[in-house]
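Notes to accompany the following structure.
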Amino acid sequence: MLKLIRNTAQCSLAAALVAAPALAQDAYVIGVSAALTGPVAGTYAPVIDAVRAYLEHVNARGGINGKPVRLLVQDDGAQPSKAASNAKQLIAQDKVLILLNTSLSSTYAPMVAEAKRANVPLYFAGSVCPKETFPPADPLQFCSTAFGATLDSQAALGFVKAQTSEPVRIGFAAMAIPVSRGEIDYAEGLSKSLGMTPVDKQITPPPTPDYTPFATKLKDARPNWVWSWAPWVSQVRTFEALRRLGWDGRYITWAHLNAEEELARIKDAKFYVIGTNAFLDDNLPIHAEIRAVAHRANLSHPVSYLTEGYVVGLVLEQVLRNTPWPPTPQKTLAAMNRLKVDLKGLRGGPLEWTKDNHFRTRQYYRVWHWDGGKNAVVRVQDWKALDVR
Amino acid sequence: MQLAVNIVVLASIYALICCGYVLIYRVSRVLSLAHGELMMLGAYGLYATASLFSGQPLAAIVAAALLALLVGILVYAALMWRMTGESVLAAVLATIALGILLRGAMILVFGTQTQYPLRDLGWENVSIALAGGARISAVGLALVLCAVAAYGSLFAFLRATRWGIRMRAAGQNPLLAAQRGIRLHVVYALAWGLATFTGGMAGMLIASDAGLEGTLVIIGLKAFPAALVGGLDSLAGALAGALVVATAEVLMIHYVDPLLSDVVPFFVLLAMLVVRPWGLFGSREELDRV
């Protein structure tokens with residue numbers, strides 16, 4: 001009897017292994033390695049939840065080119081070793097067409113290596129765009145994430161200059177991670193070329209139990225503006241510590257997923273956020289769709305957190321629509337190299353990838369702050385475009 | 001003056017966290033590497049009770065504190081009790097497994113979104129002006145007062161109460177203590193309860209100041225060098241270690257380079273290990289035994 005059960009189990013397993021690739025061939029298969037657990041999960045999990053919900057919505061409408069889309073999500077906990085094994089499994093076993101990275105930059109190197117070995121496109125979706133996606137782009141690396149190194153500082157400091165009539169004494173706040181430090185170092189140099197006086201630069205470790213010692217030094221340098229480009233926790237805690245120390249200057253920072261909700265929590269008219277994703281407050285038709293999709297998928301995150309993931313969903317849909325059946329990573333790559341996606345107002349314009357530019361050809365920025373008089377988050381600057389060369 | 005305030009607040013954070021490491025180690029010789037997670041669980045406890053006791057912030061805080069105490073006792077009863085007789089290393093590994101389990105469970109139950117327990121309690125973290133132009137946040141002040149109260153109560157408890165004396169006896173010589181009729185499991189459970197209570201308080205206060213998110217676990221580990229500098233089996237040492245590490249960190253941020261703030265606790269620790277490996281107030285023989 002025991003032998004019979006064992007044999008049956010072995011046969012079932014063998015049948016399942018044979019059936020798996022057959023099932024995969026009936027669908028567009030996309031693989032994801034994401035930081036769904038661990039200390040940074042709050043930044044990445046909403047992106048993947050939104051992508052999953054959007055693709056379920058696409059499948060419910062009949063799929064793409066008559067075929068369903070399968071999203072295979074693996075958690076890497078922001079650990080490079082796990083990301084490497086996820087990439088290996090998704091490429092070798094699941095035969096994915098595109099590999100998505102939604103995790104910390106420390107996971108990039110192993111995933112890039114695996115993607116290159118198998119010649120599968122690697123799409124950074126919600127994670128920091130590596131410089132290889134900017135012109136001249138690496139043939140396999142793509143990115144749609146809202147923030148972009150150097151461009152964000154150009155836009156932010158441009159706003160500061162436009163808003164200020166008196167001499168600008170600017171302070172900087174970053175987190176002790178390479179990408180944030182690199183951007184703030186760039187901004188410091190840029191501020192000088194724009195005629196501003198950089199007065200101090202504070203770099204906080206990730207995480208820190210108390211931001212006050214950092215804010216104290218920043219405040220003592222007497223800046224009238226501070227620019228911070230870092231994970232949200234570092235940006236906002238430095239600001240709050242500055243305020244509690246009695247600093248009265250203006251603070252501009254990057255609009256992460258939770259910016260809209262956080263502006264309403266902080267309620268400070270001199271706290272500005274700059275970003276490239278439209279706020280839900282715009283009430284565009286696409287926002288109604290996001291709300292409906294999120295409701296159907298029963299997502300736990302606030303709807304305002306889902307824009308970034310929805311952009312990824314729109315991009316994937318367009319890429320796969322341009323990938324003729326039967327799909328291969330090479331056909332997908334060709335589709336990604338000539339992509340133009342209408343983001344339906346979620347950003348200032350379409351997202352366009354070319355053979356040399358896998359970031360986007362144009363980046364659009366808006367700035368918001370809290371208006372106490374209106375008791376609402378209001379726009380201070382409408383879409384302002386920067387060409388990406 | 002502001003620098004002094006910053007040092008005192010940071011030292012209070014470290015002291016409150018270290019308390020848990022020291023209590024458990026002193027009594028059972030087990031190093032709890034789940035302390036950061038238990039601290040975070042305490043903070044989530046406050047988040048949960050804040051919505052449960054809506055409009056009654058004091059009741060929510062008391063309930064969360066008692067919950068933390070209970071969780072510590074339950075951890076001992078459900079897991080650490082079974083490690084009795086096993087090697088210390090096995091017990092330490094069990095705490096690592098517990099930490100991983102708790103981290104996963106907290107994400108499943110509470111999600112990944114940042115929470116603000118103080119806002120849920122209906123309070124604001126106002127800024128309070130002090131002499132000399134310095135300022136302290138309301139939560140910062142609460143941290144200092146809680147650290148003082150926790151250490152004051154623990155010193156009194158360990159020196160002047162029957163259970164405190166039993167706890168010290170169990171820590172010094174468990175075999176002899178057991179032969180004298182001290183119920184070791186009850187003492188150990190109490191130590192775990194008190195450690196989780198103080199760690200939970202630290203978690204609640206840090207979350208009230210900076211929001212509640214996954215990084216709180218790492219803050220729990222950042223306080224570990226302070227416990228080692230002071231001497232892992234000494235409460236007074238934990239206090240001194242916290243003050244030394246916090247002073248070095250704040251001064252380094254202000255006068256040298258903020259980037260060094262992350263490494264300076266470990267630099268102090270290394271220096272201490274070279275000069276006095278058992279810490280400022282630790283027991284030499286205990287460390288030799290490890």
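To be explicit about the labels: the chains of the structure tokens are called A, B, and onward in the order shown, and within each one the residues are counted from 1, while ligands get numbers from 1 in the order they are shown.
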
- Counting only C-alpha atoms, which residues from chain A have an atom at most 10 Å from any atom of chain B, and could you show them as a ChimeraX atom specification? /A:36-46,175-176,201-218,220,233-234,236-238,240-241,243-246,258,265,300-302,305

Output C-alpha atoms of each residue in that selection to a file, as a PDB file, in the first residue's frame.
```
ATOM      1  CA  LEU A  36       8.277  41.900  -0.011  1.00  0.00           C
ATOM      2  CA  THR A  37       9.623  41.286   3.472  1.00  0.00           C
ATOM      3  CA  GLY A  38      12.388  42.885   5.526  1.00  0.00           C
ATOM      4  CA  PRO A  39      12.875  46.450   6.697  1.00  0.00           C
ATOM      5  CA  VAL A  40      12.355  48.066   3.258  1.00  0.00           C
ATOM      6  CA  ALA A  41       9.254  46.085   2.277  1.00  0.00           C
ATOM      7  CA  GLY A  42       7.068  49.161   2.804  1.00  0.00           C
ATOM      8  CA  THR A  43       8.672  50.799  -0.233  1.00  0.00           C
ATOM      9  CA  TYR A  44       8.401  47.873  -2.620  1.00  0.00           C
ATOM     10  CA  ALA A  45       5.410  45.726  -1.639  1.00  0.00           C
ATOM     11  CA  PRO A  46       2.790  48.300  -2.785  1.00  0.00           C
ATOM     12  CA  MET A 175      20.867  58.566   3.722  1.00  0.00           C
ATOM     13  CA  ALA A 176      24.128  56.654   3.989  1.00  0.00           C
ATOM     14  CA  LYS A 201      25.283  68.126   4.220  1.00  0.00           C
ATOM     15  CA  GLN A 202      23.913  65.569   6.688  1.00  0.00           C
ATOM     16  CA  ILE A 203      24.044  61.881   5.924  1.00  0.00           C
ATOM     17  CA  THR A 204      22.029  59.687   8.251  1.00  0.00           C
ATOM     18  CA  PRO A 205      22.598  55.944   8.625  1.00  0.00           C
ATOM     19  CA  PRO A 206      19.770  53.578   7.724  1.00  0.00           C
ATOM     20  CA  PRO A 207      18.043  53.575  10.176  1.00  0.00           C
ATOM     21  CA  THR A 208      18.854  55.880  13.052  1.00  0.00           C
ATOM     22  CA  PRO A 209      17.048  55.929  16.407  1.00  0.00           C
ATOM     23  CA  ASP A 210      17.109  59.724  16.708  1.00  0.00           C
ATOM     24  CA  TYR A 211      17.504  62.246  13.892  1.00  0.00           C
ATOM     25  CA  THR A 212      17.914  65.234  16.238  1.00  0.00           C
ATOM     26  CA  PRO A 213      21.744  65.151  16.423  1.00  0.00           C
ATOM     27  CA  PHE A 214      21.900  65.328  12.606  1.00  0.00           C
ATOM     28  CA  ALA A 215      19.251  68.030  12.437  1.00  0.00           C
ATOM     29  CA  THR A 216      21.046  70.057  15.119  1.00  0.00           C
ATOM     30  CA  LYS A 217      24.141  70.352  12.965  1.00  0.00           C
ATOM     31  CA  LEU A 218      22.094  71.171   9.894  1.00  0.00           C
ATOM     32  CA  ASP A 220      23.348  75.379  13.146  1.00  0.00           C
ATOM     33  CA  VAL A 233      11.997  57.828   6.445  1.00  0.00           C
ATOM     34  CA  SER A 234      15.259  59.751   6.269  1.00  0.00           C
ATOM     35  CA  VAL A 236      10.809  63.267   6.674  1.00  0.00           C
ATOM     36  CA  ARG A 237      12.395  62.463  10.029  1.00  0.00           C
ATOM     37  CA  THR A 238      15.200  64.946   9.359  1.00  0.00           C
ATOM     38  CA  GLU A 240      10.498  66.831  11.633  1.00  0.00           C
ATOM     39  CA  ALA A 241      13.592  66.961  13.830  1.00  0.00           C
ATOM     40  CA  ARG A 243      11.092  71.714  13.030  1.00  0.00           C
ATOM     41  CA  ARG A 244      11.197  70.523  16.632  1.00  0.00           C
ATOM     42  CA  LEU A 245      14.515  72.338  16.985  1.00  0.00           C
ATOM     43  CA  GLY A 246      12.792  75.534  15.908  1.00  0.00           C
ATOM     44  CA  ASN A 258       3.314  57.851   0.433  1.00  0.00           C
ATOM     45  CA  ARG A 265      -0.253  64.296   8.016  1.00  0.00           C
ATOM     46  CA  SER A 300      -4.375  46.735   1.927  1.00  0.00           C
ATOM     47  CA  HIS A 301      -2.267  49.721   0.844  1.00  0.00           C
ATOM     48  CA  PRO A 302      -3.824  53.168   0.445  1.00  0.00           C
ATOM     49  CA  TYR A 305       0.526  54.255  -2.991  1.00  0.00           C
TER      50      TYR A 305
END
```

- Could you pull the residues within 12 Å of range 152-168 of chain B, counting only C-alpha atoms, minus those fewer than 5 positions along the same chain, as a ChimeraX atom specification? /B:16,19-20,22-28,145-147,173-174,176-178,180-192,194-195,197-198,233-236,239

Restrict the selected residues to C-alpha atoms and save them as a short mmCIF file (atom, residue, chain, number, x, y, z; two decimals), in the first residue's frame.
```cif
data_model
loop_
_atom_site.label_atom_id
_atom_site.label_comp_id
_atom_site.auth_asym_id
_atom_site.auth_seq_id
_atom_site.Cartn_x
_atom_site.Cartn_y
_atom_site.Cartn_z
CA LEU B 16 16.02 51.31 27.56
CA CYS B 19 17.97 46.75 29.65
CA GLY B 20 16.32 43.73 27.98
CA VAL B 22 21.13 42.55 30.16
CA LEU B 23 18.18 41.21 32.15
CA ILE B 24 17.95 38.01 30.11
CA TYR B 25 21.69 37.49 29.91
CA ARG B 26 22.24 38.17 33.59
CA VAL B 27 19.62 35.69 34.70
CA SER B 28 19.88 32.91 32.13
CA LEU B 145 11.73 59.75 32.10
CA CYS B 146 10.92 56.15 31.15
CA ALA B 147 14.60 55.18 31.17
CA ASN B 173 24.37 30.17 40.70
CA PRO B 174 21.28 28.49 39.24
CA LEU B 176 22.41 26.42 44.26
CA ALA B 177 19.39 28.64 43.78
CA ALA B 178 17.30 25.66 42.70
CA ARG B 180 17.39 26.45 47.94
CA GLY B 181 13.87 26.13 46.55
CA ILE B 182 13.88 28.97 44.03
CA ARG B 183 11.67 28.08 41.09
CA LEU B 184 14.02 28.82 38.23
CA HIS B 185 11.42 28.66 35.47
CA VAL B 186 9.33 31.32 37.20
CA VAL B 187 12.41 33.52 37.64
CA TYR B 188 13.44 33.09 33.99
CA ALA B 189 9.90 33.77 32.80
CA LEU B 190 9.85 36.94 34.88
CA ALA B 191 13.18 38.03 33.39
CA TRP B 192 11.85 37.50 29.87
CA LEU B 194 10.56 42.36 32.21
CA ALA B 195 13.01 42.40 29.29
CA PHE B 197 8.35 45.03 28.82
CA THR B 198 11.29 47.47 28.79
CA ASP B 233 25.56 41.18 32.91
CA SER B 234 25.35 44.58 34.59
CA LEU B 235 22.40 46.94 34.61
CA ALA B 236 24.54 49.81 35.84
CA LEU B 239 23.39 52.64 31.68
#
```

- Among range 186-232 of chain B, which residues carry a DSSP assignment of alpha helix (DSSP H), reported as a PyMOL selection string? chain B and resi 186-210+216-222+224-230

- Item | One-decimal distance in Å that lies between CA of His358 in chain A and CA of Phe134 in chain A |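 Computed distance, CA of Phe134 in chain A to CA of His358 in chain A, equals 5.9 Å.
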
- Task: Compile the contact shell of Glu166 in chain A as a list of chain:residue names: residues with an atom at most 12 Å away, counting only C-alpha atoms, same-chain residues fewer than 2 positions apart removed.
- Result: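 Those residues are A:Val160, A:Lys161, A:Ala162, A:Gln163, A:Thr164, A:Val168, A:Arg169, A:Ile170, A:Gly195, A:Met196, A:Thr197, A:Asn224, A:Trp225.
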
For C-alpha atoms, I'd like the residues from the last selection saved as a PDB file, in the first residue's frame.
```pdb
ATOM      1  CA  VAL A 160      14.191  76.466  -5.282  1.00  0.00           C
ATOM      2  CA  LYS A 161      15.843  79.124  -7.445  1.00  0.00           C
ATOM      3  CA  ALA A 162      12.540  80.127  -9.006  1.00  0.00           C
ATOM      4  CA  GLN A 163      10.823  80.402  -5.611  1.00  0.00           C
ATOM      5  CA  THR A 164      13.440  82.461  -3.812  1.00  0.00           C
ATOM      6  CA  VAL A 168      19.787  80.771  -1.162  1.00  0.00           C
ATOM      7  CA  ARG A 169      21.700  79.079   1.664  1.00  0.00           C
ATOM      8  CA  ILE A 170      20.990  75.439   1.027  1.00  0.00           C
ATOM      9  CA  GLY A 195      24.638  80.660  -7.457  1.00  0.00           C
ATOM     10  CA  MET A 196      23.467  79.088  -4.189  1.00  0.00           C
ATOM     11  CA  THR A 197      25.572  78.647  -1.071  1.00  0.00           C
ATOM     12  CA  ASN A 224      16.978  78.824   4.364  1.00  0.00           C
ATOM     13  CA  TRP A 225      16.329  75.773   2.152  1.00  0.00           C
TER      14      TRP A 225
END
```

- Query: Near range 282-295 of chain A, counting only C-alpha atoms, which residues have an atom at most 12 Å away, once you skip same-chain residues fewer than 2 positions from it, shown as a VMD selection string?
  - Reply: chain A and resid 46 to 47 49 to 58 60 260 277 to 280 297 to 311 313 to 314 342 to 347 377 to 379 382

For the selection just defined, write its residues with N, CA and C atoms to a file, as a short mmCIF file (atom, residue, chain, number, x, y, z; two decimals), in the first residue's frame.
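Final file, part16.cif:
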```cif
data_model
loop_
_atom_site.label_atom_id
_atom_site.label_comp_id
_atom_site.auth_asym_id
_atom_site.auth_seq_id
_atom_site.Cartn_x
_atom_site.Cartn_y
_atom_site.Cartn_z
N PRO A 46 3.95 47.69 -2.10
CA PRO A 46 2.79 48.30 -2.78
C PRO A 46 2.93 48.29 -4.31
N VAL A 47 4.17 48.40 -4.80
CA VAL A 47 4.40 48.40 -6.25
C VAL A 47 3.96 47.05 -6.83
N ASP A 49 2.05 44.77 -5.46
CA ASP A 49 0.60 44.55 -5.28
C ASP A 49 -0.18 45.22 -6.40
N ALA A 50 0.25 46.42 -6.76
CA ALA A 50 -0.46 47.15 -7.83
C ALA A 50 -0.26 46.48 -9.18
N VAL A 51 0.97 46.00 -9.45
CA VAL A 51 1.22 45.31 -10.73
C VAL A 51 0.35 44.07 -10.82
N ARG A 52 0.34 43.31 -9.73
CA ARG A 52 -0.45 42.07 -9.69
C ARG A 52 -1.93 42.38 -9.93
N ALA A 53 -2.42 43.40 -9.23
CA ALA A 53 -3.84 43.75 -9.37
C ALA A 53 -4.15 44.20 -10.81
N TYR A 54 -3.22 44.98 -11.38
CA TYR A 54 -3.46 45.46 -12.75
C TYR A 54 -3.49 44.31 -13.74
N LEU A 55 -2.55 43.38 -13.59
CA LEU A 55 -2.50 42.26 -14.55
C LEU A 55 -3.70 41.31 -14.37
N GLU A 56 -4.19 41.21 -13.15
CA GLU A 56 -5.43 40.44 -12.94
C GLU A 56 -6.57 41.12 -13.69
N HIS A 57 -6.57 42.44 -13.64
CA HIS A 57 -7.58 43.24 -14.33
C HIS A 57 -7.46 43.03 -15.85
N VAL A 58 -6.22 42.99 -16.34
CA VAL A 58 -5.98 42.75 -17.78
C VAL A 58 -6.47 41.35 -18.16
N ALA A 60 -8.70 39.60 -16.69
CA ALA A 60 -10.17 39.56 -16.61
C ALA A 60 -10.81 40.14 -17.87
N GLU A 260 1.61 61.88 -0.78
CA GLU A 260 0.32 62.57 -0.72
C GLU A 260 -0.29 62.44 0.69
N ASN A 277 4.91 61.47 -10.45
CA ASN A 277 3.62 60.76 -10.53
C ASN A 277 2.50 61.69 -10.07
N ALA A 278 1.41 61.71 -10.82
CA ALA A 278 0.28 62.56 -10.44
C ALA A 278 -0.31 62.08 -9.12
N PHE A 279 -0.82 63.02 -8.32
CA PHE A 279 -1.47 62.65 -7.07
C PHE A 279 -2.91 62.23 -7.36
N LEU A 280 -3.44 61.43 -6.48
CA LEU A 280 -4.80 60.92 -6.63
C LEU A 280 -5.83 62.06 -6.60
N ALA A 297 -9.15 43.81 -6.00
CA ALA A 297 -8.04 42.96 -5.55
C ALA A 297 -7.91 42.96 -4.03
N ASN A 298 -8.73 43.79 -3.38
CA ASN A 298 -8.73 43.87 -1.91
C ASN A 298 -7.34 44.22 -1.36
N LEU A 299 -6.73 45.24 -1.96
CA LEU A 299 -5.37 45.63 -1.55
C LEU A 299 -5.41 46.38 -0.22
N SER A 300 -4.38 46.12 0.60
CA SER A 300 -4.38 46.74 1.93
C SER A 300 -3.73 48.12 1.91
N HIS A 301 -2.95 48.43 0.87
CA HIS A 301 -2.27 49.72 0.84
C HIS A 301 -3.25 50.83 0.45
N PRO A 302 -2.99 52.05 0.91
CA PRO A 302 -3.82 53.17 0.45
C PRO A 302 -3.70 53.28 -1.08
N VAL A 303 -4.77 53.71 -1.72
CA VAL A 303 -4.79 53.77 -3.19
C VAL A 303 -3.70 54.72 -3.71
N SER A 304 -3.39 55.75 -2.91
CA SER A 304 -2.38 56.73 -3.35
C SER A 304 -0.99 56.10 -3.48
N TYR A 305 -0.78 54.91 -2.90
CA TYR A 305 0.53 54.26 -2.99
C TYR A 305 0.69 53.46 -4.29
N LEU A 306 -0.36 53.35 -5.07
CA LEU A 306 -0.36 52.35 -6.14
C LEU A 306 0.05 52.88 -7.51
N THR A 307 0.23 54.19 -7.65
CA THR A 307 0.50 54.77 -8.96
C THR A 307 1.73 54.16 -9.62
N GLU A 308 2.81 54.04 -8.84
CA GLU A 308 4.06 53.53 -9.41
C GLU A 308 3.86 52.12 -10.00
N GLY A 309 3.18 51.28 -9.25
CA GLY A 309 2.92 49.91 -9.72
C GLY A 309 1.99 49.90 -10.92
N TYR A 310 1.06 50.84 -10.93
CA TYR A 310 0.13 50.91 -12.07
C TYR A 310 0.86 51.31 -13.35
N VAL A 311 1.83 52.21 -13.20
CA VAL A 311 2.66 52.59 -14.36
C VAL A 311 3.38 51.36 -14.90
N GLY A 313 2.43 48.31 -14.63
CA GLY A 313 1.41 47.49 -15.29
C GLY A 313 1.11 47.97 -16.70
N LEU A 314 0.96 49.28 -16.86
CA LEU A 314 0.68 49.85 -18.19
C LEU A 314 1.85 49.57 -19.15
N ASP A 342 1.23 55.40 -23.35
CA ASP A 342 0.37 56.48 -22.88
C ASP A 342 0.04 56.19 -21.41
N LEU A 343 0.50 57.04 -20.52
CA LEU A 343 0.29 56.78 -19.09
C LEU A 343 -1.00 57.43 -18.58
N LYS A 344 -1.79 57.93 -19.47
CA LYS A 344 -3.16 58.41 -19.18
C LYS A 344 -3.20 59.48 -18.09
N GLY A 345 -2.16 60.29 -18.01
CA GLY A 345 -2.13 61.37 -17.04
C GLY A 345 -1.44 61.03 -15.73
N LEU A 346 -1.03 59.77 -15.57
CA LEU A 346 -0.33 59.42 -14.32
C LEU A 346 1.02 60.12 -14.24
N ARG A 347 1.55 60.47 -15.40
CA ARG A 347 2.76 61.30 -15.46
C ARG A 347 2.50 62.42 -16.46
N VAL A 377 -3.80 69.48 0.12
CA VAL A 377 -2.53 69.42 -0.60
C VAL A 377 -2.74 70.15 -1.93
N VAL A 378 -1.88 71.13 -2.23
CA VAL A 378 -2.05 71.86 -3.48
C VAL A 378 -0.76 71.82 -4.30
N ARG A 379 -0.93 72.00 -5.59
CA ARG A 379 0.18 71.98 -6.53
C ARG A 379 0.83 73.37 -6.57
N ASP A 382 3.26 73.12 -11.91
CA ASP A 382 2.69 72.07 -12.77
C ASP A 382 3.81 71.40 -13.57
#
```

- Task: May I have the residues within 10 Å of Pro265 in chain B as a ChimeraX atom specification, using only C-alpha atoms and disregarding those fewer than 3 positions away in the same chain?
- Result: /B:222-226,229,241-242,244-249,260-262,268-271
